[in-house]
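Below is one structure, written out as structure tokens; comments come after it.
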Amino acid sequence: VGLFLSNRAATLRQLDWVPLKELMNPIPGKSSFPGIAFYSQGWITVHYLNSSDERRAMLKDYLRRINAGQSFGEALGAFGDIDAFDREVRQYAKQNQIPAEAIHYPQLSAGPIKVETLSPSDSALMNLELRMSAGVLRSRAKAFADRVRSVTRPHLADPDALRVLADSERMGGNRTESLAAADRLLALDPASPWGNYFRGVNEVDALAQARSADDAAWAAARARLRAAMKSLPNEPRIARAFYESYSRRGVLPPPVAQNALAHALDLIPRENSLRLLVVRDYEARGLLQDAIDTLAPLAYGLVDETEKAKRLREKRQDEYREVEDEDDKETPREMLVRLLAKRDAAAVATPAAGE
């Protein structure tokens with residue numbers, strides 16, 4: 001614990017040192033330093049702060065200040081003279097050796113390992129399912145669905161095969177075929193969570209595309225997603241679809257859907273599009289600080305993009321985009337700058353009690 005990786009440690013030698021008063025107080029839209037500095041300098045700073053009881057107390061105070069609502073700049077007061085602190089950490093980083101602790105575990109027995117032969121359908125579909133989970137270009141989605149349809153044809157009594165089929169057909173834009181696969185799943189098991197999910201999400205796609213105002217139809221699709229979510233409460237895709245059964249209609253989702261979305265982010269916190277959806281939800285509710293706090297790890301963790309890099313990333317995202325009305329042209333950094341300005345403007349417009 002605390003031992004560095006040699007390839008990571010090399011960045012501390014190769015990069016110009018960013019003063020900690022800048023690194024630990026980044027200003028969106030203004031600060032300009034390599035994103036890797038957050039990793040390398042941040043790592044060695046935390047290591048230094050854990051090297052003695054006195055320094056651990058400083059780290060604890062720093063985190064307490066942030067959790068109490070202080071800005072990053074204000075919280076730096078926990079370190080006293082920040083320039084002197086910077087020199088200490090920089091000197092610490094120049095060492096060829098740093099303390100680490102070895103943890104020894106008793107010999108563990110894994111117990112018997114059971115190996116099972118894949119079913120014929122699983123064997124036939126494994127590579128296709130892996131390919132689908134990695135992402136398929138929109139331009140190739142229909143051809144991919146054709147291939148899955150061909151492979152699953154002998155296995156239409158197998159729920160896993162039908163799940164993959166329903167998924168690939170929807171991805172390929174073949175709503176009728178995806179619904180048919182979902183109905184086969186429901187015929188095998190009326191409570192099938194994936195049957196309910198694919199029927200529900202395809203119905204939401206159709207209603208959103210038609211800009212339908214049919215309350216009963218929206219409620220019916222939503223009920224299927226709710227049933228799927230009840231059966232598989234830890235499946236992020238279903239929780240997100242349930243939330244979007246409201247947002248894609250243009251209405252603010254109720255707390256039960258908001259909670260489901262937040263739970264989905266807890267399950268896969270590195271799913272950036274999901275994090276941005278949670279941020280937009282908080283903003284829509286006027287919870288600007290919650291939106292900022294949720295967005296900050298993503299916005300601060302990315303390097304600033306050139307216009308060319310941004311266009312290339314957007315083009316790549318469009319190539320894989322599943323839902324036509326998805327919109328993330330605003331980068332996380334741009335969004336953070338806007339939310340901070342919005343929060344500050346709201347604070348000026350509504351002064352605290354007694355002011």
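By convention in this document, the chains of the structure tokens carry letters A, B, ... by their order, each chain's residues are numbered from 1, and ligands are numbered from 1 in the order they are shown.
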
Find the residues of stretch 96-200 of chain A that sit at most 12 Å from stretch 241-246 of chain A; for each, write down the nearest two atoms and how far apart they are in Å, to one decimal. Count only C-alpha atoms. Sort by chain, then by number going up, and give it as JSON lines.
```
{"residue": "A:Asn196", "atom": "CA", "partner": "A:Phe242", "partner_atom": "CA", "distance": 11.4}
{"residue": "A:Tyr197", "atom": "CA", "partner": "A:Ala241", "partner_atom": "CA", "distance": 8.3}
{"residue": "A:Phe198", "atom": "CA", "partner": "A:Ala241", "partner_atom": "CA", "distance": 9.9}
{"residue": "A:Arg199", "atom": "CA", "partner": "A:Ala241", "partner_atom": "CA", "distance": 11.5}
{"residue": "A:Gly200", "atom": "CA", "partner": "A:Ala241", "partner_atom": "CA", "distance": 8.6}
```

| Mind checking DSSP for stretch 41-280 of chain A and telling me the alpha helix (DSSP H) residues as a PyMOL selection string? | chain A and resi 41-49+53-67+72-75+82-93+120-134+141-152+159-171+175-188+193-210+215-231+236-247+255-267+272-280

Mind running stretch 61-150 of chain A against stretch 173-181 of chain A at 9 Å and telling me each contacting residue's nearest atom pair with the distance in Å (one decimal), counting only C-alpha atoms, chain and number ascending, as JSON lines?
```
{"residue": "A:Ala141", "atom": "CA", "partner": "A:Gly173", "partner_atom": "CA", "distance": 7.9}
{"residue": "A:Lys142", "atom": "CA", "partner": "A:Gly173", "partner_atom": "CA", "distance": 7.1}
{"residue": "A:Ala145", "atom": "CA", "partner": "A:Asn174", "partner_atom": "CA", "distance": 8.4}
```

| field | stretch 274-276 of chain A surroundings by only C-alpha atoms, 8 Å radius, close-in-sequence under 5 positions cut, as a list in words | value | Arg240, Ala264, Leu265, Pro269, Thr294, Leu295 and Pro332 of chain A

| task | Name the residues in contact with A:Pro99 at a cut-off of 8 Å, using only C-alpha atoms, excluding same-chain residues fewer than 4 positions from it; report them as number ranges by chain. | result | A: 2-3, 51

Output file for the selection above: C-alpha atoms, as a PDB file, in the first residue's frame:
```
ATOM      1  CA  GLY A   2       1.498   3.320  -1.053  1.00  0.00           C
ATOM      2  CA  LEU A   3       4.064   1.881  -3.462  1.00  0.00           C
ATOM      3  CA  SER A  51       3.259  10.138   6.004  1.00  0.00           C
TER       4      SER A  51
END
```

| Restricting the calculation to only C-alpha atoms, which member of A:Ala206, A:Val46, A:Ala75, A:Leu5 is positioned closest to A:Asn25? |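 Among the listed residues, A:Ala75 lies closest to A:Asn25.
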
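Across the model, the gap from atom CA of A:Arg237 to atom CA of A:Asp146 is 23.2 Å.
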
| said: Show me, as a ChimeraX atom specification, the residues that have an atom within 10 Å of A:Asp122 when counting only C-alpha atoms, minus same-chain residues fewer than 4 positions from it. | reply: /A:117-118,126-129,152,155,158,160-161

Please save N, CA and C atoms of the selected residues as a PDB file, in the first residue's frame.
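Result went into again_37.pdb, see below:
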```
ATOM      1  N   THR A 117     -19.808 -26.394 -19.330  1.00  0.00           N
ATOM      2  CA  THR A 117     -19.843 -26.189 -20.777  1.00  0.00           C
ATOM      3  C   THR A 117     -20.942 -25.186 -21.111  1.00  0.00           C
ATOM      4  N   LEU A 118     -20.635 -24.237 -21.985  1.00  0.00           N
ATOM      5  CA  LEU A 118     -21.642 -23.262 -22.397  1.00  0.00           C
ATOM      6  C   LEU A 118     -22.772 -23.958 -23.136  1.00  0.00           C
ATOM      7  N   MET A 126     -21.679 -15.630 -27.753  1.00  0.00           N
ATOM      8  CA  MET A 126     -20.759 -14.953 -26.838  1.00  0.00           C
ATOM      9  C   MET A 126     -19.974 -13.839 -27.519  1.00  0.00           C
ATOM     10  N   ASN A 127     -19.354 -14.123 -28.645  1.00  0.00           N
ATOM     11  CA  ASN A 127     -18.549 -13.097 -29.309  1.00  0.00           C
ATOM     12  C   ASN A 127     -19.400 -11.923 -29.772  1.00  0.00           C
ATOM     13  N   LEU A 128     -20.607 -12.216 -30.231  1.00  0.00           N
ATOM     14  CA  LEU A 128     -21.490 -11.140 -30.673  1.00  0.00           C
ATOM     15  C   LEU A 128     -21.923 -10.262 -29.502  1.00  0.00           C
ATOM     16  N   GLU A 129     -22.199 -10.878 -28.369  1.00  0.00           N
ATOM     17  CA  GLU A 129     -22.617 -10.103 -27.207  1.00  0.00           C
ATOM     18  C   GLU A 129     -21.465  -9.237 -26.697  1.00  0.00           C
ATOM     19  N   THR A 152     -29.218 -16.386 -33.953  1.00  0.00           N
ATOM     20  CA  THR A 152     -30.198 -16.759 -32.924  1.00  0.00           C
ATOM     21  C   THR A 152     -31.356 -17.593 -33.470  1.00  0.00           C
ATOM     22  N   HIS A 155     -32.223 -20.732 -31.847  1.00  0.00           N
ATOM     23  CA  HIS A 155     -32.267 -20.701 -30.379  1.00  0.00           C
ATOM     24  C   HIS A 155     -33.390 -19.815 -29.845  1.00  0.00           C
ATOM     25  N   ASP A 158     -34.636 -19.910 -26.235  1.00  0.00           N
ATOM     26  CA  ASP A 158     -33.668 -19.632 -25.177  1.00  0.00           C
ATOM     27  C   ASP A 158     -33.798 -18.159 -24.765  1.00  0.00           C
ATOM     28  N   ASP A 160     -31.839 -16.139 -23.064  1.00  0.00           N
ATOM     29  CA  ASP A 160     -30.638 -15.330 -23.273  1.00  0.00           C
ATOM     30  C   ASP A 160     -30.476 -14.945 -24.736  1.00  0.00           C
ATOM     31  N   ALA A 161     -30.778 -15.876 -25.624  1.00  0.00           N
ATOM     32  CA  ALA A 161     -30.681 -15.574 -27.047  1.00  0.00           C
ATOM     33  C   ALA A 161     -31.689 -14.503 -27.440  1.00  0.00           C
TER      34      ALA A 161
END
```

| Coordinates-based distance that separates atom CA of A:Ile82 from atom CA of A:Leu15 (Å, one decimal) |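 A separation of 20.6 Å between them.
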
| message | Ranking A:Ala78, A:Leu207, A:Ile27, A:Leu130 by minimum distance to A:Val337 and counting only C-alpha atoms, which one comes first? | response |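 Closest to A:Val337 of all the choices is A:Ile27.
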
| said: Nearest residue to A:Leu165 out of A:Ser109, A:Thr11, A:Ser121, A:Ser139, using only C-alpha atoms? | reply: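 Distance minimum relative to A:Leu165 lands on A:Ser121.
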